[in-house]
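Reproduced below: my_file.cif, with mmCIF, C-alpha atoms.
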```cif
data_model
loop_
_atom_site.label_atom_id
_atom_site.label_comp_id
_atom_site.auth_asym_id
_atom_site.auth_seq_id
_atom_site.Cartn_x
_atom_site.Cartn_y
_atom_site.Cartn_z
CA MET O 1255 65.02 96.80 88.59
CA SER O 1256 67.73 95.96 86.02
CA GLN O 1257 65.84 97.85 83.29
CA LEU O 1258 65.56 100.94 85.54
CA ARG O 1259 69.27 100.76 86.40
CA ASP O 1260 70.20 100.52 82.71
CA LYS O 1261 68.05 103.53 81.93
CA LEU O 1262 69.72 105.64 84.63
CA VAL O 1263 73.21 104.70 83.48
CA THR O 1264 72.56 105.45 79.81
CA ARG O 1265 71.00 108.83 80.67
CA CYS O 1266 73.73 109.94 83.05
CA SER O 1267 75.09 113.20 81.61
CA LEU O 1268 77.70 114.15 84.19
CA VAL O 1269 79.39 112.62 87.23
CA VAL O 1270 81.00 115.13 89.60
CA SER O 1271 83.70 113.59 91.79
CA PRO O 1272 84.80 116.11 94.48
CA VAL O 1273 87.96 115.43 96.45
CA ASP O 1274 89.64 117.22 99.35
CA VAL O 1275 93.15 117.95 98.04
CA TRP O 1276 94.59 117.55 101.54
CA THR O 1277 92.97 114.37 102.86
CA ARG O 1278 92.12 112.80 99.45
CA ARG O 1279 88.65 112.08 100.83
CA MET O 1280 85.29 112.93 99.30
CA PRO O 1281 83.75 115.59 101.56
CA SER O 1282 80.10 115.96 102.48
CA GLY O 1283 77.94 119.03 102.93
CA LEU O 1284 78.60 120.40 99.45
CA SER O 1285 76.36 122.47 97.21
CA VAL O 1286 76.85 121.09 93.67
CA LEU O 1287 75.03 122.87 90.84
CA LEU O 1288 75.00 123.44 87.11
CA GLU O 1289 74.27 127.17 87.19
CA ASP O 1290 72.75 127.31 83.71
CA ILE O 1291 69.98 124.78 84.27
CA ALA O 1292 67.47 123.98 87.03
CA ARG O 1293 68.53 120.37 87.54
CA LYS O 1294 69.56 118.99 90.94
CA PRO O 1295 72.12 116.18 91.12
CA VAL O 1296 71.68 112.79 92.73
CA ARG O 1297 74.30 112.16 95.42
CA LYS O 1298 75.56 108.58 95.52
CA SER O 1299 76.89 106.74 98.56
CA ASP O 1300 80.44 106.92 97.15
CA GLY O 1301 80.37 110.73 97.39
CA THR O 1302 79.86 111.50 93.70
CA TYR O 1303 77.06 113.64 92.26
CA LEU O 1304 75.13 112.53 89.17
CA PHE O 1305 73.35 114.88 86.77
CA LEU O 1306 70.77 112.99 84.72
CA ASP O 1307 69.11 113.85 81.41
CA VAL O 1308 70.94 117.13 80.89
CA PRO O 1309 70.81 118.36 77.26
CA ALA O 1310 74.15 118.60 75.46
CA GLY O 1311 75.84 121.96 75.86
CA VAL O 1312 78.33 124.01 77.88
CA TYR O 1313 77.46 124.56 81.54
CA THR O 1314 79.01 126.26 84.57
CA LEU O 1315 79.70 123.74 87.33
CA SER O 1316 79.62 125.30 90.80
CA VAL O 1317 80.73 123.59 94.02
CA LYS O 1318 80.48 125.47 97.32
CA SER O 1319 81.04 124.64 100.99
CA PRO O 1320 81.85 126.59 104.18
CA MET O 1321 85.09 124.57 104.48
CA PHE O 1322 86.44 124.96 100.95
CA MET O 1323 87.17 127.66 98.43
CA PRO O 1324 84.33 128.09 95.91
CA TYR O 1325 84.95 126.14 92.72
CA THR O 1326 83.62 126.93 89.23
CA GLU O 1327 84.45 125.35 85.89
CA GLN O 1328 83.00 125.45 82.38
CA ILE O 1329 81.93 121.93 81.39
CA ASP O 1330 81.25 120.91 77.78
CA LEU O 1331 79.17 117.75 78.12
CA SER O 1332 79.84 116.73 74.51
CA ALA O 1333 83.60 116.62 75.27
CA LEU O 1334 83.18 114.03 78.03
CA SER O 1335 83.31 110.28 77.53
CA PRO O 1336 79.73 109.00 77.08
CA LEU O 1337 80.67 105.85 79.02
CA ALA O 1338 82.32 107.69 81.92
CA PRO O 1339 81.42 111.42 81.91
CA VAL O 1340 83.41 112.06 85.10
CA VAL O 1341 84.76 115.45 86.18
CA THR O 1342 87.11 115.47 89.19
CA VAL O 1343 86.77 118.60 91.35
CA PRO O 1344 89.82 119.33 93.54
CA LEU O 1345 88.59 121.25 96.58
CA LEU O 1346 91.01 123.68 98.21
CA PRO O 1347 90.93 124.41 101.96
CA GLY O 1348 89.17 127.67 102.79
CA PRO O 1349 89.29 129.89 105.89
CA GLY O 1350 86.79 127.61 107.67
CA TYR O 1351 88.71 124.41 106.95
CA ALA O 1352 89.36 122.08 109.91
CA TYR O 1353 92.77 120.75 108.96
CA PRO O 1354 93.71 117.23 110.12
CA ALA O 1355 96.13 116.47 112.93
CA ALA O 1356 99.83 116.40 112.00
CA ALA O 1357 99.06 118.29 108.80
CA THR O 1358 101.79 120.26 107.03
CA ALA O 1359 100.89 123.69 105.68
CA ALA O 1360 101.77 127.35 105.47
CA LEU O 1361 99.16 129.96 106.41
CA VAL O 1362 99.37 133.31 104.63
CA ARG O 1363 97.37 136.53 104.57
CA ILE O 1364 97.44 138.76 101.49
CA VAL O 1365 97.04 142.52 102.04
CA ASP O 1366 97.64 145.70 100.08
CA GLU O 1367 100.04 148.49 101.10
CA ALA O 1368 97.35 149.99 103.35
CA GLY O 1369 96.94 146.67 105.20
CA THR O 1370 93.53 145.92 103.66
CA PRO O 1371 92.93 142.18 103.02
CA ILE O 1372 92.87 141.15 99.35
CA ALA O 1373 90.27 138.54 98.47
CA GLY O 1374 90.70 136.31 95.42
CA ALA O 1375 94.46 136.77 95.03
CA ASP O 1376 95.93 133.96 92.90
CA ILE O 1377 98.58 131.94 94.72
CA GLU O 1378 101.01 129.35 93.38
CA ALA O 1379 103.23 127.76 96.00
CA TYR O 1380 105.66 124.86 95.98
CA ALA O 1381 108.42 123.30 98.05
CA THR O 1382 111.85 124.15 96.67
CA GLU O 1383 114.21 121.70 98.40
CA ASP O 1384 115.07 118.40 96.73
CA ALA O 1385 114.48 116.52 99.99
CA ALA O 1386 110.76 117.36 99.72
CA ALA O 1387 110.36 115.80 96.24
CA ARG O 1388 107.45 113.39 95.79
CA ALA O 1389 109.03 111.36 92.95
CA ARG O 1390 111.30 111.55 89.89
CA VAL O 1391 110.67 111.16 86.18
CA ALA O 1392 111.49 107.56 85.25
CA GLN O 1393 111.60 107.83 81.46
CA ASP O 1394 113.96 109.18 78.83
CA GLY O 1395 112.92 111.68 76.21
CA LEU O 1396 110.10 113.50 78.00
CA LYS O 1397 109.26 116.17 75.42
CA ALA O 1398 107.08 119.25 75.14
CA GLY O 1399 103.56 118.18 74.22
CA ASP O 1400 103.63 114.94 76.23
CA SER O 1401 100.72 114.43 78.60
CA ILE O 1402 101.62 111.02 80.10
CA ILE O 1403 104.68 110.70 82.33
CA ALA O 1404 106.26 107.60 83.85
CA ALA O 1405 107.45 108.31 87.38
CA GLY O 1406 109.30 106.46 90.07
CA THR O 1407 107.47 105.45 93.24
CA PHE O 1408 105.62 108.40 94.77
CA LYS O 1409 106.05 109.34 98.42
CA GLY O 1410 102.41 109.32 99.49
CA LYS O 1411 99.43 108.60 97.28
CA THR O 1412 98.83 110.94 94.36
CA PHE O 1413 95.36 111.46 92.90
CA ALA O 1414 93.44 113.26 90.16
CA GLY O 1415 93.22 116.99 90.79
CA GLU O 1416 96.52 117.26 92.68
CA CYS O 1417 99.11 119.88 91.68
CA LEU O 1418 102.81 119.16 91.33
CA LEU O 1419 105.78 121.18 90.14
CA LEU O 1420 107.98 119.36 87.62
CA ARG O 1421 111.57 120.66 87.76
CA ASP O 1422 115.00 119.92 86.37
CA ALA O 1423 118.13 122.06 85.88
CA GLU O 1424 116.67 123.91 82.85
CA ASN O 1425 112.90 124.13 83.28
CA GLU O 1426 110.04 124.01 85.72
CA GLN O 1427 106.27 123.83 85.24
CA LEU O 1428 103.21 123.48 87.42
CA LEU O 1429 101.14 120.40 86.53
CA SER O 1430 97.64 119.25 87.33
CA VAL O 1431 97.13 115.48 87.54
CA ALA O 1432 94.14 114.20 85.54
CA GLU O 1433 94.55 110.49 86.28
CA MET O 1434 96.95 108.08 87.95
CA LEU O 1435 97.82 105.17 85.67
CA PRO O 1436 99.21 101.73 86.54
CA GLY O 1437 102.87 101.61 87.44
CA ASP O 1438 103.10 105.12 88.94
CA ALA O 1439 102.50 106.80 85.60
CA LEU O 1440 100.26 109.85 85.47
CA ARG O 1441 98.17 111.61 82.85
CA LEU O 1442 98.11 115.40 82.96
CA GLU O 1443 95.24 117.81 82.48
CA ARG O 1444 97.38 119.66 79.90
CA PRO O 1445 100.51 118.66 77.99
CA ILE O 1446 103.87 119.88 79.29
CA ALA O 1447 105.31 123.00 77.68
CA TYR O 1448 109.00 122.04 77.96
CA SER O 1449 111.25 119.02 77.64
CA PHE O 1450 112.49 117.44 80.89
CA ARG O 1451 115.31 115.05 81.66
CA ARG O 1452 115.07 111.65 83.26
CA GLY O 1453 115.29 112.19 87.03
CA ALA O 1454 113.42 115.52 86.98
CA LEU O 1455 111.70 116.10 90.31
CA PHE O 1456 107.99 116.21 91.14
CA MET O 1457 107.71 118.77 93.94
CA PRO O 1458 104.69 119.26 96.27
CA ALA O 1459 102.67 122.23 95.03
CA ILE O 1460 99.36 124.01 95.50
CA VAL O 1461 97.41 126.49 93.37
CA THR O 1462 94.77 128.39 95.32
CA ARG O 1463 93.22 131.80 96.07
CA SER O 1464 92.91 133.99 99.14
CA GLY O 1465 89.55 134.07 100.95
CA LEU O 1466 87.38 137.06 101.80
CA ASP O 1467 89.63 137.90 104.76
CA GLY O 1468 92.76 137.65 102.61
CA THR O 1469 93.93 134.37 104.14
CA ALA O 1470 94.92 131.19 102.33
CA LEU O 1471 95.99 127.77 103.57
CA LEU O 1472 98.80 126.13 101.59
CA PRO O 1473 98.87 122.38 102.30
CA PHE O 1474 101.78 120.09 101.38
CA ARG O 1475 101.72 116.31 101.21
CA GLY O 1476 104.25 113.50 101.05
CA SER O 1477 107.18 112.33 103.17
CA LEU O 1478 108.51 115.78 103.95
CA PRO O 1479 111.78 116.81 105.65
CA PRO O 1480 111.48 118.32 109.17
CA GLN O 1481 111.86 121.82 107.70
CA PHE O 1482 111.76 122.98 104.10
CA ALA O 1483 111.56 126.18 102.06
CA VAL O 1484 108.47 127.19 100.09
CA LYS O 1485 108.22 129.72 97.26
CA ALA O 1486 104.85 131.47 96.89
CA LYS O 1487 103.91 133.53 93.83
CA VAL O 1488 101.00 135.91 94.50
CA LYS O 1489 99.08 137.91 91.87
CA ALA O 1490 96.13 140.31 92.11
CA GLY O 1491 95.03 143.54 90.47
CA GLY O 1492 97.89 143.58 87.99
CA LYS O 1493 100.50 143.26 90.75
CA ALA O 1494 102.70 140.29 91.59
CA VAL O 1495 105.11 139.35 94.34
CA ILE O 1496 107.24 136.33 95.24
CA ALA O 1497 107.52 135.38 98.91
CA GLU O 1498 109.91 132.91 100.52
CA LEU O 1499 108.27 130.89 103.32
CA GLN O 1500 109.38 128.22 105.77
CA ALA O 1501 107.33 125.12 106.56
CA LYS O 1502 107.70 122.33 109.12
CA ALA O 1503 106.51 118.76 108.62
CA GLY O 1504 103.47 117.98 110.76
CA GLU O 1505 102.72 121.62 111.57
CA VAL O 1506 100.62 124.46 110.23
CA ALA O 1507 103.07 127.37 110.20
CA LYS O 1508 102.11 130.64 111.90
CA LEU O 1509 100.30 133.22 109.81
CA ARG O 1510 102.61 135.12 107.45
CA THR O 1511 101.44 138.43 105.96
CA ILE O 1512 102.35 139.11 102.33
CA VAL O 1513 102.03 142.70 101.09
CA LEU O 1514 101.05 143.03 97.44
#
```
Translate the structure of the given file into C-alpha cells.
Amino acid sequence: MSQLRDKLVTRCSLVVSPVDVWTRRMPSGLSVLLEDIARKPVRKSDGTYLFLDVPAGVYTLSVKSPMFMPYTEQIDLSALSPLAPVVTVPLLPGPGYAYPAAATAALVRIVDEAGTPIAGADIEAYATEDAAARARVAQDGLKAGDSIIAAGTFKGKTFAGECLLLRDAENEQLLSVAEMLPGDALRLERPIAYSFRRGALFMPAIVTRSGLDGTALLPFRGSLPPQFAVKAKVKAGGKAVIAELQAKAGEVAKLRTIVL
C-alpha cells in the first residue's frame, strides 16, 4: 500500500482546489476538466481534484456548476511546484446560487439601452467606506513590485482566491490573494503596481461577470457596517459605466438595473 501511495503522489500532475468565494467552503457537484486532454480527475475527500500522469504542457482548466459562474484558466504544468502543484479556483456565485442566511451582497442586472440583458459583462465592485475595511497595511515601505504584504488583523478569515481593493490617499488597486501567510501576511497573485503607505486599507471587493440573463451577485465579507456604499465598474462591448450602489449588512440588496 505504501508503494502504491508513493507512486500516486510522485505522478500527481495537478491538484485543483475549488473554493466558494462567499462561504470559503469547497463545493460539490462540480465538473472539473482539462479541455485539451481526455483525462478525468480523481476527487479526494477534502474536495480537491487530482489529475494524474498528465504530460507536461499548457492546458485549459475548466470548472462548471449550475450554482457558479463558469471558470477557465490556462495552466502551465511546468510552472507549478512539483512537490505541490496546487491551483486554487475561486468560484463566483452564479444566477442559480443559493446564498447563505444573513449574507451581504448587491444584486445587479446589466442591460443595453434597449433593455436587452448583457451576458458576460465584466464587473469590478468594492466597498468604498472606511468602516467596511477588512484590515490595514502593517508595514512601512510597501513599493511597486512587492507581492508579499504584512497586514493587521483581518476582520473575517481571508483565503486564497479572494479579491481585495488596496487603497490609500494616492492610489488604489484590485488584488487577488494567492496565499495567506503566518502573522496575517498575504502573498498576491501579481505584484502591486504602485507604492502604498503604512495604514492603507484593504477593502472588500469582487471581480465577476454577468450571467446569461444579465444578472450578477456581488458578495461582500467581513465585519461590515449596517449600511455602506459600493462602487461597481461594468465593461462590455467596448463600453464602460460606473454605478454607485448601496448595500446592507446581512441582506442581499434588491435587484438594481445598470444600463450599459
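You can rank O:Leu1315, O:Met1280, O:Ala1359, O:Cys1266 by their closest distance to Ala1338 (chain O) using all atoms listed in the file, and at the top of that list sits O:Cys1266.
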What's the 7 Å shell around Gly1399 (chain O), counting all atoms listed in the file, without same-chain residues fewer than 6 positions away, as a ChimeraX atom specification? /O:1445-1447
Within 8 Å of Ala1389 (chain O), counting all atoms listed in the file, which residues show up once you throw out same-chain ones fewer than 2 positions away? Write them as a ChimeraX atom specification, please. /O:1387,1391,1405-1409,1455-1457
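For the atom pair formed by CA of Ala1310 (chain O) and CA of Thr1326 (chain O), the distance is 18.7 Å, given to one decimal.
Using the PyMOL selection byres ((chain O and resi 1355) around 10) on the file at hand returns these residues: Ala1352, Tyr1353, Pro1354, Ala1356, Ala1357, Thr1358, Gly1504, Glu1505 and Val1506 of chain O.
Within 8 Å of Val1513 (chain O), once only C-alpha atoms are used and residues closer than 3 positions along the same chain are dropped, the contacting residues are Ile1364, Val1365, Asp1366, Glu1367 and Gly1369 of chain O.
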Output region 1455-1469 of chain O from the block with all heavy atoms, as a compact mmCIF listing (two decimals), in the first residue's frame?
```txt
# COMPACT_ATOMS: atom_id res chain seq x y z
N LEU O 1455 -5.75 50.80 3.33
CA LEU O 1455 -6.88 49.94 3.66
C LEU O 1455 -7.06 48.80 2.66
O LEU O 1455 -6.92 49.00 1.46
CB LEU O 1455 -8.16 50.77 3.71
CG LEU O 1455 -8.21 51.90 4.73
CD1 LEU O 1455 -9.49 52.71 4.55
CD2 LEU O 1455 -8.12 51.35 6.14
N PHE O 1456 -7.40 47.62 3.19
CA PHE O 1456 -7.86 46.50 2.37
C PHE O 1456 -9.40 46.52 2.39
O PHE O 1456 -10.01 46.28 3.44
CB PHE O 1456 -7.36 45.17 2.92
CG PHE O 1456 -5.89 44.95 2.81
CD1 PHE O 1456 -5.04 45.23 3.88
CD2 PHE O 1456 -5.33 44.47 1.64
CE1 PHE O 1456 -3.68 45.03 3.78
CE2 PHE O 1456 -3.96 44.26 1.52
CZ PHE O 1456 -3.14 44.54 2.59
N MET O 1457 -10.01 46.82 1.26
CA MET O 1457 -11.46 46.92 1.18
C MET O 1457 -12.06 45.65 0.58
O MET O 1457 -11.46 45.03 -0.32
CB MET O 1457 -11.86 48.12 0.31
CG MET O 1457 -11.24 49.44 0.72
SD MET O 1457 -11.67 49.93 2.41
CE MET O 1457 -13.45 50.10 2.27
N PRO O 1458 -13.26 45.24 1.03
CA PRO O 1458 -13.94 44.08 0.42
C PRO O 1458 -14.19 44.36 -1.06
O PRO O 1458 -14.63 45.46 -1.43
CB PRO O 1458 -15.26 43.99 1.19
CG PRO O 1458 -15.06 44.79 2.43
CD PRO O 1458 -14.06 45.85 2.11
N ALA O 1459 -13.91 43.37 -1.91
CA ALA O 1459 -14.06 43.56 -3.35
C ALA O 1459 -14.46 42.25 -4.01
O ALA O 1459 -14.30 41.16 -3.45
CB ALA O 1459 -12.75 44.09 -3.96
N ILE O 1460 -14.97 42.37 -5.22
CA ILE O 1460 -15.35 41.19 -6.00
C ILE O 1460 -15.13 41.50 -7.48
O ILE O 1460 -15.40 42.62 -7.93
CB ILE O 1460 -16.83 40.79 -5.74
CG1 ILE O 1460 -17.19 39.50 -6.48
CG2 ILE O 1460 -17.77 41.91 -6.11
CD1 ILE O 1460 -16.57 38.26 -5.93
N VAL O 1461 -14.60 40.54 -8.20
CA VAL O 1461 -14.46 40.64 -9.66
C VAL O 1461 -15.26 39.49 -10.25
O VAL O 1461 -15.00 38.32 -9.94
CB VAL O 1461 -12.98 40.56 -10.10
CG1 VAL O 1461 -12.89 40.58 -11.63
CG2 VAL O 1461 -12.18 41.70 -9.51
N THR O 1462 -16.24 39.79 -11.08
CA THR O 1462 -17.12 38.74 -11.59
C THR O 1462 -17.64 39.10 -12.97
O THR O 1462 -17.18 40.07 -13.59
CB THR O 1462 -18.28 38.49 -10.59
OG1 THR O 1462 -19.03 37.36 -11.02
CG2 THR O 1462 -19.19 39.70 -10.48
N ARG O 1463 -18.61 38.34 -13.48
CA ARG O 1463 -19.23 38.59 -14.77
C ARG O 1463 -20.73 38.39 -14.64
O ARG O 1463 -21.19 37.67 -13.75
CB ARG O 1463 -18.70 37.61 -15.84
CG ARG O 1463 -17.21 37.66 -16.04
CD ARG O 1463 -16.77 36.65 -17.07
NE ARG O 1463 -17.19 35.30 -16.75
CZ ARG O 1463 -16.59 34.49 -15.89
NH1 ARG O 1463 -15.51 34.92 -15.24
NH2 ARG O 1463 -17.03 33.29 -15.66
N SER O 1464 -21.48 38.99 -15.55
CA SER O 1464 -22.92 38.79 -15.56
C SER O 1464 -23.24 37.45 -16.22
O SER O 1464 -22.53 36.97 -17.10
CB SER O 1464 -23.62 39.92 -16.32
OG SER O 1464 -23.12 40.02 -17.65
N GLY O 1465 -24.35 36.83 -15.78
CA GLY O 1465 -24.78 35.55 -16.32
C GLY O 1465 -25.56 35.72 -17.62
O GLY O 1465 -25.68 36.82 -18.16
N LEU O 1466 -26.11 34.63 -18.10
CA LEU O 1466 -26.83 34.65 -19.37
C LEU O 1466 -28.02 35.59 -19.34
O LEU O 1466 -28.40 36.17 -20.37
CB LEU O 1466 -27.30 33.23 -19.74
CG LEU O 1466 -26.19 32.22 -20.07
CD1 LEU O 1466 -26.79 30.85 -20.33
CD2 LEU O 1466 -25.37 32.69 -21.27
N ASP O 1467 -28.63 35.76 -18.16
CA ASP O 1467 -29.77 36.67 -18.04
C ASP O 1467 -29.36 38.08 -17.64
O ASP O 1467 -30.20 38.93 -17.32
CB ASP O 1467 -30.78 36.12 -17.04
CG ASP O 1467 -30.21 35.99 -15.63
OD1 ASP O 1467 -28.98 36.19 -15.48
OD2 ASP O 1467 -30.98 35.68 -14.70
N GLY O 1468 -28.06 38.35 -17.68
CA GLY O 1468 -27.55 39.68 -17.36
C GLY O 1468 -27.36 39.96 -15.89
O GLY O 1468 -26.88 41.03 -15.53
N THR O 1469 -27.71 39.01 -15.01
CA THR O 1469 -27.61 39.27 -13.58
C THR O 1469 -26.26 38.85 -13.01
O THR O 1469 -25.58 37.97 -13.56
CB THR O 1469 -28.73 38.55 -12.80
OG1 THR O 1469 -28.59 37.13 -12.97
CG2 THR O 1469 -30.08 39.00 -13.26
```
